[in-house]
file data_10.txt (compact mmCIF, C-alpha atoms)
# COMPACT_ATOMS: atom_id res chain seq x y z
CA MET A 447 2.94 -22.65 -29.05
CA HIS A 448 2.67 -23.85 -32.62
CA ILE A 449 1.68 -27.49 -32.55
CA SER A 450 3.43 -29.37 -35.37
CA GLU A 451 1.88 -31.62 -37.98
CA GLY A 452 1.38 -35.22 -36.99
CA VAL A 453 1.11 -34.62 -33.23
CA LEU A 454 -2.66 -34.35 -32.91
CA SER A 455 -5.36 -36.84 -33.87
CA ALA A 456 -7.82 -36.23 -36.71
CA PRO A 457 -10.89 -35.46 -34.53
CA VAL A 458 -8.93 -32.80 -32.61
CA LEU A 459 -7.72 -31.25 -35.88
CA ALA A 460 -11.23 -31.27 -37.34
CA THR A 461 -12.74 -29.70 -34.21
CA GLY A 462 -10.07 -27.00 -34.21
CA ALA A 463 -10.66 -26.24 -37.89
CA LEU A 464 -14.42 -26.03 -37.35
CA LEU A 465 -14.11 -23.72 -34.33
CA THR A 466 -11.66 -21.47 -36.16
CA ALA A 467 -13.93 -21.37 -39.21
CA SER A 468 -16.88 -20.24 -37.07
CA GLY A 469 -14.72 -17.68 -35.25
CA THR A 470 -13.43 -16.31 -38.55
CA TYR A 471 -16.99 -16.09 -39.88
CA MET A 472 -18.04 -14.16 -36.76
CA GLY A 473 -15.06 -11.85 -37.16
CA LEU A 474 -15.59 -11.16 -40.85
CA ARG A 475 -19.35 -10.65 -40.47
CA ARG A 476 -18.82 -7.95 -37.86
CA LEU A 477 -15.86 -6.38 -39.60
CA LYS A 478 -16.43 -2.80 -40.70
CA GLU A 479 -14.61 -1.35 -43.65
CA LYS A 480 -12.88 1.33 -41.61
CA ASP A 481 -11.43 -1.26 -39.21
CA ILE A 482 -9.67 -3.32 -41.86
CA PRO A 483 -6.34 -1.44 -41.66
CA THR A 484 -6.30 -1.96 -37.87
CA VAL A 485 -6.80 -5.68 -38.35
CA GLY A 486 -3.99 -5.78 -40.90
CA VAL A 487 -1.57 -3.93 -38.64
CA LEU A 488 -2.36 -6.10 -35.61
CA SER A 489 -2.09 -9.23 -37.73
CA SER A 490 1.42 -8.18 -38.81
CA ALA A 491 2.33 -7.27 -35.22
CA PHE A 492 1.34 -10.78 -34.16
CA PHE A 493 3.20 -12.27 -37.15
CA VAL A 494 6.46 -10.52 -36.22
CA ALA A 495 6.13 -10.83 -32.42
CA SER A 496 5.91 -14.61 -32.58
CA LEU A 497 9.22 -14.69 -34.41
CA ILE A 498 11.18 -13.17 -31.53
CA HIS A 499 12.14 -16.25 -29.62
CA VAL A 500 13.77 -16.59 -26.21
CA PRO A 501 15.44 -19.94 -25.43
CA LEU A 502 14.24 -21.18 -22.06
CA GLY A 503 15.07 -24.51 -20.46
CA PRO A 504 14.37 -27.38 -22.82
CA THR A 505 12.15 -25.28 -25.06
CA SER A 506 11.85 -21.64 -26.06
CA VAL A 507 9.17 -18.98 -25.84
CA HIS A 508 8.15 -15.82 -27.65
CA LEU A 509 5.82 -12.84 -27.40
CA ILE A 510 2.33 -13.63 -28.61
CA LEU A 511 0.37 -10.37 -28.46
CA ASN A 512 -2.94 -12.21 -28.68
CA GLY A 513 -4.26 -10.19 -25.72
CA LEU A 514 -3.60 -6.96 -27.60
CA ASN A 515 -5.33 -8.39 -30.68
CA GLY A 516 -8.32 -9.39 -28.58
CA ILE A 517 -8.68 -6.04 -26.80
CA ILE A 518 -8.67 -4.07 -30.02
CA LEU A 519 -10.23 -6.49 -32.49
CA ARG A 520 -12.44 -8.80 -30.40
CA TRP A 521 -13.99 -11.24 -32.93
CA ALA A 522 -11.77 -9.94 -35.71
CA SER A 523 -8.85 -11.58 -33.80
CA PHE A 524 -9.81 -14.80 -35.57
CA PRO A 525 -9.17 -13.58 -39.14
CA SER A 526 -6.19 -11.56 -37.89
CA LEU A 527 -4.41 -14.49 -36.24
CA LEU A 528 -5.52 -16.97 -38.92
CA VAL A 529 -3.78 -14.97 -41.65
CA ALA A 530 -0.60 -14.50 -39.57
CA LEU A 531 -0.42 -18.17 -38.55
CA PHE A 532 -1.12 -19.31 -42.11
CA LEU A 533 1.84 -17.27 -43.36
CA GLN A 534 4.08 -18.55 -40.55
CA ALA A 535 3.10 -22.08 -41.51
CA ILE A 536 3.83 -21.73 -45.23
CA LEU A 537 6.86 -19.44 -44.98
CA PHE A 538 8.64 -20.93 -41.97
CA GLN A 539 6.91 -24.30 -41.41
CA PHE A 540 5.90 -23.18 -37.91
CA GLY A 541 2.97 -25.33 -36.96
CA GLY A 542 1.44 -26.65 -40.14
CA ILE A 543 -1.50 -26.45 -42.49
CA THR A 544 -3.38 -29.33 -40.88
CA THR A 545 -2.88 -27.88 -37.39
CA LEU A 546 -3.75 -24.34 -38.50
CA GLY A 547 -7.30 -24.59 -37.15
CA VAL A 548 -6.23 -25.81 -33.73
CA ASN A 549 -3.34 -23.35 -33.45
CA THR A 550 -5.53 -20.40 -34.47
CA PHE A 551 -8.28 -21.36 -32.04
CA ASN A 552 -5.80 -21.85 -29.18
CA MET A 553 -4.59 -18.27 -29.51
CA ALA A 554 -7.63 -16.43 -30.89
CA PHE A 555 -10.26 -17.80 -28.51
CA PRO A 556 -8.47 -16.45 -25.39
CA ALA A 557 -7.95 -13.20 -27.32
CA VAL A 558 -11.69 -12.77 -27.95
CA LEU A 559 -12.42 -13.73 -24.35
CA VAL A 560 -10.12 -11.15 -22.77
CA GLY A 561 -11.31 -8.65 -25.36
CA PHE A 562 -14.85 -8.86 -23.99
CA LEU A 563 -13.72 -9.13 -20.36
CA PHE A 564 -11.41 -6.12 -20.27
CA ARG A 565 -12.78 -3.84 -22.98
CA GLY A 566 -14.62 -1.84 -20.31
CA LEU A 567 -11.51 -1.25 -18.21
CA VAL A 568 -9.35 -0.42 -21.21
CA SER A 569 -11.72 2.13 -22.72
CA SER A 570 -12.23 3.93 -19.39
CA GLN A 571 -11.05 7.48 -18.68
CA SER A 572 -8.64 6.50 -15.92
CA ARG A 573 -5.09 5.77 -16.95
CA ILE A 574 -4.63 3.41 -14.03
CA LEU A 575 -7.61 1.32 -15.14
CA VAL A 576 -6.24 1.17 -18.69
CA ILE A 577 -2.90 -0.07 -17.35
CA VAL A 578 -4.52 -2.64 -15.05
CA GLY A 579 -6.92 -3.84 -17.76
CA GLY A 580 -4.15 -4.06 -20.36
CA ALA A 581 -1.80 -5.95 -18.04
CA LEU A 582 -4.51 -8.43 -17.04
CA ALA A 583 -5.64 -8.92 -20.64
CA GLY A 584 -2.08 -9.44 -21.88
CA ALA A 585 -1.18 -11.96 -19.18
CA LEU A 586 -4.51 -13.79 -19.15
CA ALA A 587 -4.68 -14.21 -22.94
CA VAL A 588 -1.27 -15.93 -22.90
CA GLY A 589 -2.14 -18.06 -19.87
CA LEU A 590 -5.41 -19.21 -21.42
CA ALA A 591 -3.69 -19.90 -24.75
CA GLY A 592 -1.21 -22.10 -22.85
CA ILE A 593 -4.08 -23.99 -21.23
CA CYS A 594 -5.70 -24.46 -24.67
CA VAL A 595 -2.43 -25.92 -25.99
CA ALA A 596 -2.20 -28.23 -22.98
CA VAL A 597 -5.78 -29.40 -23.56
CA SER A 598 -5.10 -30.02 -27.28
CA LEU A 599 -2.00 -32.06 -26.46
CA ALA A 600 -3.83 -33.90 -23.68
CA LEU A 601 -6.52 -34.89 -26.22
CA ALA A 602 -3.70 -36.36 -28.30
CA GLY A 603 -2.82 -38.63 -25.41
CA GLN A 604 -0.12 -36.71 -23.58
CA GLY A 605 -0.78 -36.47 -19.84
CA PHE A 606 -2.58 -33.17 -19.21
CA LEU A 607 -0.97 -32.28 -15.86
CA GLN A 608 2.53 -32.98 -17.12
CA VAL A 609 2.02 -30.90 -20.26
CA ALA A 610 0.15 -28.17 -18.38
CA LYS A 611 3.01 -27.84 -15.91
CA LEU A 612 5.49 -27.42 -18.76
CA VAL A 613 3.25 -24.96 -20.57
CA LEU A 614 2.85 -22.95 -17.39
CA ILE A 615 6.59 -22.85 -16.71
CA ALA A 616 7.22 -21.83 -20.31
CA HIS A 617 4.55 -19.14 -20.33
CA VAL A 618 4.94 -17.38 -17.01
CA PRO A 619 7.81 -15.24 -18.40
CA VAL A 620 5.75 -14.46 -21.51
CA MET A 621 2.78 -13.54 -19.34
CA ILE A 622 4.95 -11.09 -17.43
CA ILE A 623 6.37 -9.52 -20.61
CA GLU A 624 2.92 -9.26 -22.18
CA ALA A 625 1.55 -7.72 -18.98
CA ILE A 626 4.13 -4.95 -19.48
CA ILE A 627 3.93 -4.54 -23.27
CA THR A 628 0.13 -4.59 -23.66
CA PRO A 629 -0.57 -1.56 -21.39
CA ILE A 630 2.31 0.36 -23.01
CA VAL A 631 0.81 -0.14 -26.45
CA LEU A 632 -2.70 0.64 -25.19
CA LEU A 633 -1.58 3.90 -23.55
CA PHE A 634 0.11 4.87 -26.79
CA ILE A 635 -3.00 4.10 -28.87
CA ARG A 636 -5.16 5.94 -26.32
CA ARG A 637 -3.07 9.04 -26.84
CA VAL A 638 -2.74 9.02 -30.64
CA ASN A 639 -6.03 7.45 -31.74
CA PRO A 640 -8.46 6.77 -28.88
CA SER A 641 -11.29 5.88 -31.29
CA ILE A 642 -9.64 2.48 -31.83
CA LEU A 643 -10.29 1.66 -28.17
CA GLY A 644 -13.72 3.34 -28.07
CA GLY A 645 -16.45 0.78 -27.55
CA SER A 646 -17.55 0.48 -31.18
CA GLU A 647 -19.23 -2.87 -31.84
CA ARG A 648 -16.93 -5.38 -33.46
CA MET B 367 4.38 9.44 -22.57
CA LYS B 368 7.58 9.81 -24.55
CA GLY B 369 9.23 7.89 -21.74
CA LEU B 370 6.80 5.04 -22.24
CA ILE B 371 7.51 4.81 -25.94
CA PHE B 372 11.21 4.87 -25.16
CA LEU B 373 10.63 2.04 -22.69
CA ALA B 374 8.69 0.02 -25.26
CA VAL B 375 11.42 0.44 -27.83
CA SER B 376 14.15 -0.47 -25.36
CA VAL B 377 12.26 -3.60 -24.27
CA LEU B 378 12.03 -4.67 -27.90
CA ILE B 379 15.71 -3.97 -28.54
CA PHE B 380 16.60 -5.84 -25.35
CA LEU B 381 14.56 -8.81 -26.54
CA PHE B 382 16.32 -8.81 -29.88
CA LEU B 383 19.80 -8.58 -28.37
CA SER B 384 19.62 -10.78 -25.29
CA GLY B 385 20.53 -14.04 -26.98
CA VAL B 386 17.07 -14.03 -28.36
CA CYS B 387 16.74 -16.08 -31.44
CA LEU B 388 14.09 -16.18 -34.09
CA ALA B 389 12.57 -19.58 -33.74
CA HIS B 390 9.57 -21.72 -33.76
CA LYS B 391 9.98 -25.28 -34.83
CA ILE B 392 12.48 -28.07 -34.39
CA THR B 393 14.60 -29.55 -37.12
CA THR B 394 16.44 -32.85 -37.04
CA PHE B 395 19.58 -33.50 -39.03
CA ALA B 396 20.72 -37.11 -39.39
CA TYR B 397 23.79 -38.66 -41.01
CA VAL B 398 25.93 -41.79 -40.85
CA ASP B 399 29.37 -41.29 -39.30
CA GLU B 400 32.62 -43.15 -40.03
CA ASN B 401 31.87 -45.89 -37.49
CA GLY B 402 28.51 -46.75 -38.99
CA MET B 403 26.61 -44.99 -36.20
CA ILE B 404 23.70 -42.76 -37.14
CA ASN B 405 24.15 -39.32 -35.59
CA THR B 406 21.17 -37.08 -35.12
CA GLU B 407 21.11 -33.53 -33.95
CA THR B 408 17.91 -31.67 -33.14
CA TYR B 409 17.62 -27.95 -32.66
CA PHE B 410 15.03 -25.21 -32.51
CA SER B 411 15.07 -22.88 -35.47
CA GLY B 412 17.60 -20.30 -34.39
CA GLY B 413 20.05 -22.94 -33.23
CA ALA B 414 19.09 -23.63 -29.59
CA LYS B 415 19.53 -27.37 -29.04
CA ALA B 416 16.50 -29.46 -28.22
CA LYS B 417 17.53 -31.19 -24.98
CA GLY B 418 15.86 -34.31 -23.68
CA ALA B 419 13.60 -34.64 -26.70
CA LYS B 420 12.07 -38.04 -27.41
CA VAL B 421 13.58 -39.80 -30.41
CA MET B 422 11.81 -42.67 -32.13
CA VAL B 423 13.32 -44.68 -34.96
CA TYR B 424 10.92 -46.46 -37.30
CA ASP B 425 11.32 -48.86 -40.17
CA ASN B 426 10.11 -46.61 -42.99
CA SER B 427 8.57 -49.41 -45.07
CA THR B 428 6.66 -51.22 -42.32
CA GLY B 429 6.28 -48.38 -39.82
CA LYS B 430 7.54 -50.62 -37.02
CA LEU B 431 9.19 -48.89 -34.04
CA LEU B 432 12.79 -50.13 -33.93
CA LEU B 433 14.25 -48.18 -31.05
CA GLN B 434 13.77 -45.04 -29.03
CA GLY B 435 15.77 -42.73 -26.83
CA LYS B 436 16.31 -39.15 -25.73
CA THR B 437 18.56 -36.38 -26.99
CA ASP B 438 21.43 -35.33 -24.73
CA ASN B 439 22.37 -31.82 -23.59
CA LYS B 440 23.65 -30.97 -27.05
CA GLY B 441 20.44 -32.12 -28.72
CA ARG B 442 22.23 -35.22 -30.00
CA PHE B 443 21.20 -38.83 -30.11
CA ASN B 444 23.43 -41.43 -31.75
CA PHE B 445 22.55 -45.02 -32.41
CA LYS B 446 23.67 -48.07 -34.32
CA PRO B 447 21.28 -48.81 -37.20
CA PRO B 448 19.04 -51.53 -35.75
CA ALA B 449 18.26 -53.13 -39.11
CA LEU B 450 19.26 -52.85 -42.76
CA THR B 451 16.25 -50.86 -43.91
CA ASP B 452 15.26 -47.25 -44.67
CA LEU B 453 14.85 -45.47 -41.36
CA ARG B 454 12.41 -42.75 -40.36
CA ILE B 455 13.55 -40.79 -37.33
CA VAL B 456 10.85 -38.86 -35.47
CA VAL B 457 11.84 -36.40 -32.76
CA GLU B 458 9.26 -34.90 -30.42
CA ALA B 459 10.12 -32.00 -28.14
CA GLU B 460 7.90 -30.39 -25.55
CA LEU B 461 4.72 -28.51 -26.38
CA GLY B 462 3.90 -30.25 -29.62
CA HIS B 463 7.12 -29.66 -31.52
CA ARG B 464 7.93 -32.48 -33.90
CA ALA B 465 10.50 -33.14 -36.60
CA VAL B 466 11.14 -36.02 -38.98
CA ALA B 467 14.38 -37.09 -40.69
CA PHE B 468 15.10 -39.98 -43.00
CA VAL B 469 18.18 -42.17 -43.44
CA LYS B 470 18.30 -44.37 -46.53
CA LYS B 471 19.60 -47.88 -46.14
CA ASN B 472 22.32 -47.46 -48.80
CA ASP B 473 23.91 -44.83 -46.53
CA PHE B 474 24.92 -47.44 -43.98
CA GLU B 475 24.68 -50.63 -46.01
CA ARG B 476 28.46 -50.98 -46.23
CA PHE B 477 28.76 -51.26 -42.45
CA PHE B 478 26.38 -54.19 -42.52
CA ASN B 479 27.99 -56.08 -45.31
CA GLN B 480 31.56 -55.00 -45.78
CA LYS B 481 32.63 -58.16 -47.59
CA ALA B 482 30.22 -57.56 -50.43
CA GLU B 483 31.55 -54.10 -50.99
CA THR B 484 35.19 -55.19 -51.02
CA LYS B 485 34.28 -57.65 -53.69
CA ALA B 486 32.41 -55.08 -55.69
CA LYS B 487 35.40 -52.76 -56.16
CA PRO B 488 38.54 -54.89 -55.99
CA ALA B 489 40.32 -52.84 -58.64
CA LEU B 490 40.44 -49.68 -56.57
CA ALA B 491 41.66 -51.41 -53.44
CA SER B 492 44.51 -53.24 -55.16
CA SER B 493 45.70 -50.29 -57.20
CA VAL B 494 46.00 -47.90 -54.26
CA GLY B 495 47.42 -50.52 -51.96
CA ILE B 496 45.02 -50.01 -49.10
CA SER B 497 42.03 -52.09 -48.22
CA GLU B 498 38.53 -51.00 -49.10
CA LYS B 499 37.75 -50.67 -45.42
CA GLU B 500 40.65 -48.29 -44.77
CA PHE B 501 39.76 -46.30 -47.84
CA SER B 502 36.20 -45.91 -46.73
CA GLN B 503 37.35 -44.86 -43.24
CA ILE B 504 39.62 -42.19 -44.69
CA LEU B 505 36.82 -40.98 -46.90
CA ASP B 506 34.40 -40.77 -43.98
CA LYS B 507 36.93 -38.76 -41.97
CA LYS B 508 37.33 -36.35 -44.86
CA ILE B 509 33.60 -36.00 -45.27
CA LYS B 510 32.92 -35.32 -41.58
CA PRO B 511 33.68 -31.56 -41.75
CA LEU B 512 31.33 -31.33 -44.73
CA TYR B 513 28.52 -32.82 -42.68
CA ASP B 514 29.23 -30.32 -39.93
CA MET B 515 29.13 -27.52 -42.47
CA MET B 516 25.83 -28.77 -43.86
CA LEU B 517 24.43 -28.90 -40.36
CA LYS B 518 25.42 -25.28 -39.79
CA MET B 519 23.86 -24.27 -43.10
CA GLU B 520 20.66 -26.11 -42.31
CA GLU B 521 20.54 -24.37 -38.95
CA SER B 522 20.88 -20.94 -40.46
CA LEU B 523 18.35 -21.77 -43.17
CA SER B 524 15.83 -22.78 -40.53
CA LYS B 525 15.79 -19.22 -39.18
CA PRO B 526 13.30 -16.89 -40.81
CA SER B 527 15.26 -14.33 -42.77
CA LEU B 528 14.54 -10.61 -42.66
CA THR B 529 13.38 -10.80 -46.29
CA GLU B 530 10.84 -13.45 -45.40
CA ILE B 531 9.58 -11.51 -42.39
CA ILE B 532 9.13 -8.32 -44.38
CA GLY B 533 7.59 -10.34 -47.21
CA GLY B 534 5.16 -11.85 -44.72
CA ILE B 535 4.07 -8.41 -43.53
CA GLY B 536 3.52 -7.48 -47.16
CA TYR B 537 1.34 -10.56 -47.69
CA ILE B 538 -0.74 -9.67 -44.63
CA PHE B 539 -1.35 -6.14 -45.88
CA GLY B 540 -2.24 -7.58 -49.27
CA VAL B 541 -4.74 -10.04 -47.78
CA PHE B 542 -6.49 -7.31 -45.82
CA GLY B 543 -6.37 -5.09 -48.88
CA ILE B 544 -8.35 -7.75 -50.75
CA VAL B 545 -10.80 -7.99 -47.85
CA ALA B 546 -11.22 -4.20 -48.00
CA MET B 547 -11.79 -4.39 -51.75
CA ILE B 548 -14.47 -7.07 -51.40
CA LEU B 549 -16.26 -5.10 -48.66
CA ALA B 550 -16.08 -1.91 -50.73
CA ARG B 551 -17.55 -3.69 -53.75
CA ARG B 552 -20.38 -5.20 -51.74
CA LYS B 553 -21.24 -1.72 -50.52
CA SER B 554 -21.38 -0.03 -53.91

call {"tool": "encode", "arguments": {"input": "data_10.txt", "output": "structure tokens"}}
result
Amino acid sequence: MHISEGVLSAPVLATGALLTASGTYMGLRRLKEKDIPTVGVLSSAFFVASLIHVPLGPTSVHLILNGLNGIILRWASFPSLLVALFLQAILFQFGGITTLGVNTFNMAFPAVLVGFLFRGLVSSQSRILVIVGGALAGALAVGLAGICVAVSLALAGQGFLQVAKLVLIAHVPVMIIEAIITPIVLLFIRRVNPSILGGSER
Amino acid sequence: MKGLIFLAVSVLIFLFLSGVCLAHKITTFAYVDENGMINTETYFSGGAKAKGAKVMVYDNSTGKLLLQGKTDNKGRFNFKPPALTDLRIVVEAELGHRAVAFVKKNDFERFFNQKAETKAKPALASSVGISEKEFSQILDKKIKPLYDMMLKMEESLSKPSLTEIIGGIGYIFGVFGIVAMILARRKS
């Protein structure tokens, strides 16, 4: 999921950086003081989750948790994932500094999207709806992130369908795992601190 | 509810134990073996081999593509140096993973021009009683295990260590602490 340095062309990198910058601005502008610890915790969760890697076929996959970030943080997913990806890039050379914009956008944009789509379901009274909303958000955020990666690589000249097929194969297992993990975490949060899920504007 | 937490924890433990490795990039290791072939090995951080990855060998000074191929099931791709020049080896695996390795021309120069080298060190060859070529073959054989050891070390270094992971979490908390500080100042 981390696109390495030197794979993408300059216009794609610049567009990614610009989109991520605007997303981060949106996130920081709406960020309330009391939500900052939540952003920090979710950022670290994302940072650690992406390090657990399962070898699969010719490549390997890992948990992403961008759906969970999106549900809880919405726009603040951008600063959250940006910080985590920046540290992964400088500490482990995952991805790279030049591709940071593209990589952040690829994961944070789907996060924000599912955040707005499923916030209603997730903050409802019914446990079943929370589980359904969480599972859909978890799976969809990963699926959309995969499509974003495929589009980025296609813009760099690799055949879209071929890459998309690979991305899909690689991400179906992750989608399934995220569809299980996301509702579990949401149910836990709902029990210990439901105000995090309450529809406060973010 | 307790059951759910238990389930979450067990899923995480399962993920950690089930041959799961900590990984996210590919690394390529290249060296010249005793027959003058350049051996490359490409793996994901964590040690899983990158199979069927595209390998491109460039002339590092001109940037010209000299040859290309694919890694085998063990993530290896071996080739004879196509020209006496510094080589840049670029490996691209699926989903935007990319690694670069360099081989300097003095590493395989002797296989191109063995006569020149024999001339350069005649004293050694005559005193030991073996030819320069044999000597260099023996040396390469001795060095081979060292290369393998270096490869293993590079592989383990490419994994994020626990210290780094915990350090990273600390950095994240620090960054958001600074954000909190700035917001608090703006407010007051």

call {"tool": "closest_residue", "arguments": {"input": "data_10.txt", "among": "B:Met403, B:Val469, B:Ala414, B:Leu505", "to": "chain A", "atoms": "only C-alpha atoms"}}
result
B:Ala414

call {"tool": "interface_residues", "arguments": {"input": "data_10.txt", "of": "chain A", "to": "chain B", "cutoff": "9 Å", "atoms": "all atoms listed in the file", "output": "PyMOL selection string"}}
result
chain A and resi 447-454+478-480+482-483+485-487+489-491+493-494+496-501+503-508+526+529-530+533-534+537-541+595-596+599+609+612-613+626-627+630-631+633-634+637

call {"tool": "residues_around", "arguments": {"input": "data_10.txt", "residues": "Asp473 in chain B", "least_positions_apart": "6", "cutoff": "12 Å", "atoms": "all atoms listed in the file", "output": "count of residues only"}}
result
14

call {"tool": "closest_residue", "arguments": {"input": "data_10.txt", "among": "A:Gly603, A:Pro457, A:Gly561, A:Gly473", "to": "Ala587 in chain A", "atoms": "only C-alpha atoms"}}
result
A:Gly561

call {"tool": "atom_distance", "arguments": {"input": "data_10.txt", "atom1": "CA of Gly429 in chain B", "atom2": "CA of Arg476 in chain B"}}
result
23.2 Å

call {"tool": "atom_distance", "arguments": {"input": "data_10.txt", "atom1": "CA of Ile543 in chain A", "atom2": "CA of Leu517 in chain B"}}
result
26.1 Å

call {"tool": "atom_distance", "arguments": {"input": "data_10.txt", "atom1": "CA of Gly547 in chain A", "atom2": "CA of Leu474 in chain A"}}
result
16.2 Å

call {"tool": "residues_near_point", "arguments": {"input": "data_10.txt", "point": "(-6.8, -29.1, -34.0)", "cutoff": "6 Å", "atoms": "only C-alpha atoms", "output": "PyMOL selection string"}}
result
chain A and resi 458-462+545+547-548

call {"tool": "residues_near_point", "arguments": {"input": "data_10.txt", "point": "(-13.2, -23.9, -35.7)", "cutoff": "10 Å", "atoms": "all atoms listed in the file", "output": "JSON, numbers by chain"}}
result
{"A": [459, 460, 461, 462, 463, 464, 465, 466, 467, 468, 469, 470, 471, 524, 546, 547, 548, 550, 551, 555]}

call {"tool": "residues_around", "arguments": {"input": "data_10.txt", "residues": "Ala591 in chain A", "least_positions_apart": "4", "cutoff": "6 Å", "atoms": "all atoms listed in the file", "output": "PyMOL selection string"}}
result
chain A and resi 552-553+556

call {"tool": "axis_aligned_box", "arguments": {"input": "data_10.txt", "around": "range 456-472 of chain A", "padding_each_side": "8 Å", "output": "lines of an AutoDock Vina configuration file"}}
result
center_x = -12.9
center_y = -25.2
center_z = -36.2
size_x = 26.3
size_y = 38.1
size_z = 23.3

call {"tool": "residues_around", "arguments": {"input": "data_10.txt", "residues": "Met422 in chain B", "least_positions_apart": "4", "cutoff": "10 Å", "atoms": "only C-alpha atoms", "output": "VMD selection string"}}
result
chain B and resid 431 to 436 454 to 458 466

call {"tool": "closest_residue", "arguments": {"input": "data_10.txt", "among": "B:Ser502, B:Glu520, B:Lys446, B:Val421", "to": "Phe395 in chain B", "atoms": "only C-alpha atoms"}}
result
B:Glu520

call {"tool": "closest_residue", "arguments": {"input": "data_10.txt", "among": "A:His617, A:Arg520, A:Arg636, A:Arg476", "to": "Gly589 in chain A", "atoms": "all atoms listed in the file"}}
result
A:His617

call {"tool": "decode", "arguments": {"input": "data_10.txt", "residues": "range 509-525 of chain A", "atoms": "N, CA and C atoms", "output": "PDB file, in the first residue's frame"}}
result
ATOM      1  N   LEU A 509      -2.974  -4.931   8.075  1.00  0.00           N
ATOM      2  CA  LEU A 509      -4.140  -4.181   8.522  1.00  0.00           C
ATOM      3  C   LEU A 509      -3.907  -2.705   8.228  1.00  0.00           C
ATOM      4  N   ILE A 510      -4.963  -1.972   7.988  1.00  0.00           N
ATOM      5  CA  ILE A 510      -4.791  -0.557   7.664  1.00  0.00           C
ATOM      6  C   ILE A 510      -5.487   0.328   8.695  1.00  0.00           C
ATOM      7  N   LEU A 511      -6.686  -0.072   9.094  1.00  0.00           N
ATOM      8  CA  LEU A 511      -7.446   0.674  10.100  1.00  0.00           C
ATOM      9  C   LEU A 511      -7.803   2.085   9.658  1.00  0.00           C
ATOM     10  N   ASN A 512      -7.825   2.342   8.340  1.00  0.00           N
ATOM     11  CA  ASN A 512      -8.208   3.688   7.920  1.00  0.00           C
ATOM     12  C   ASN A 512      -9.711   3.899   8.078  1.00  0.00           C
ATOM     13  N   GLY A 513     -10.501   2.810   7.981  1.00  0.00           N
ATOM     14  CA  GLY A 513     -11.942   2.932   8.189  1.00  0.00           C
ATOM     15  C   GLY A 513     -12.247   3.388   9.603  1.00  0.00           C
ATOM     16  N   LEU A 514     -11.553   2.787  10.563  1.00  0.00           N
ATOM     17  CA  LEU A 514     -11.744   3.148  11.971  1.00  0.00           C
ATOM     18  C   LEU A 514     -11.368   4.612  12.192  1.00  0.00           C
ATOM     19  N   ASN A 515     -10.250   5.021  11.614  1.00  0.00           N
ATOM     20  CA  ASN A 515      -9.828   6.424  11.690  1.00  0.00           C
ATOM     21  C   ASN A 515     -10.927   7.341  11.147  1.00  0.00           C
ATOM     22  N   GLY A 516     -11.458   6.959   9.975  1.00  0.00           N
ATOM     23  CA  GLY A 516     -12.454   7.799   9.326  1.00  0.00           C
ATOM     24  C   GLY A 516     -13.732   7.927  10.147  1.00  0.00           C
ATOM     25  N   ILE A 517     -14.210   6.792  10.674  1.00  0.00           N
ATOM     26  CA  ILE A 517     -15.448   6.791  11.457  1.00  0.00           C
ATOM     27  C   ILE A 517     -15.321   7.727  12.648  1.00  0.00           C
ATOM     28  N   ILE A 518     -14.204   7.662  13.329  1.00  0.00           N
ATOM     29  CA  ILE A 518     -14.062   8.417  14.573  1.00  0.00           C
ATOM     30  C   ILE A 518     -13.576   9.843  14.318  1.00  0.00           C
ATOM     31  N   LEU A 519     -12.677  10.001  13.354  1.00  0.00           N
ATOM     32  CA  LEU A 519     -12.035  11.308  13.183  1.00  0.00           C
ATOM     33  C   LEU A 519     -12.585  12.130  12.021  1.00  0.00           C
ATOM     34  N   ARG A 520     -13.217  11.473  11.057  1.00  0.00           N
ATOM     35  CA  ARG A 520     -13.627  12.158   9.824  1.00  0.00           C
ATOM     36  C   ARG A 520     -12.467  12.964   9.235  1.00  0.00           C
ATOM     37  N   TRP A 521     -12.598  14.285   9.113  1.00  0.00           N
ATOM     38  CA  TRP A 521     -11.548  15.074   8.450  1.00  0.00           C
ATOM     39  C   TRP A 521     -10.211  14.974   9.171  1.00  0.00           C
ATOM     40  N   ALA A 522     -10.253  14.769  10.471  1.00  0.00           N
ATOM     41  CA  ALA A 522      -8.987  14.686  11.216  1.00  0.00           C
ATOM     42  C   ALA A 522      -8.202  13.422  10.846  1.00  0.00           C
ATOM     43  N   SER A 523      -8.788  12.523  10.010  1.00  0.00           N
ATOM     44  CA  SER A 523      -8.030  11.366   9.516  1.00  0.00           C
ATOM     45  C   SER A 523      -6.811  11.828   8.737  1.00  0.00           C
ATOM     46  N   PHE A 524      -6.930  12.953   8.040  1.00  0.00           N
ATOM     47  CA  PHE A 524      -5.801  13.433   7.243  1.00  0.00           C
ATOM     48  C   PHE A 524      -4.571  13.725   8.110  1.00  0.00           C
ATOM     49  N   PRO A 525      -4.676  14.617   9.122  1.00  0.00           N
ATOM     50  CA  PRO A 525      -3.490  14.807   9.974  1.00  0.00           C
ATOM     51  C   PRO A 525      -3.056  13.520  10.671  1.00  0.00           C
TER      52      PRO A 525
END
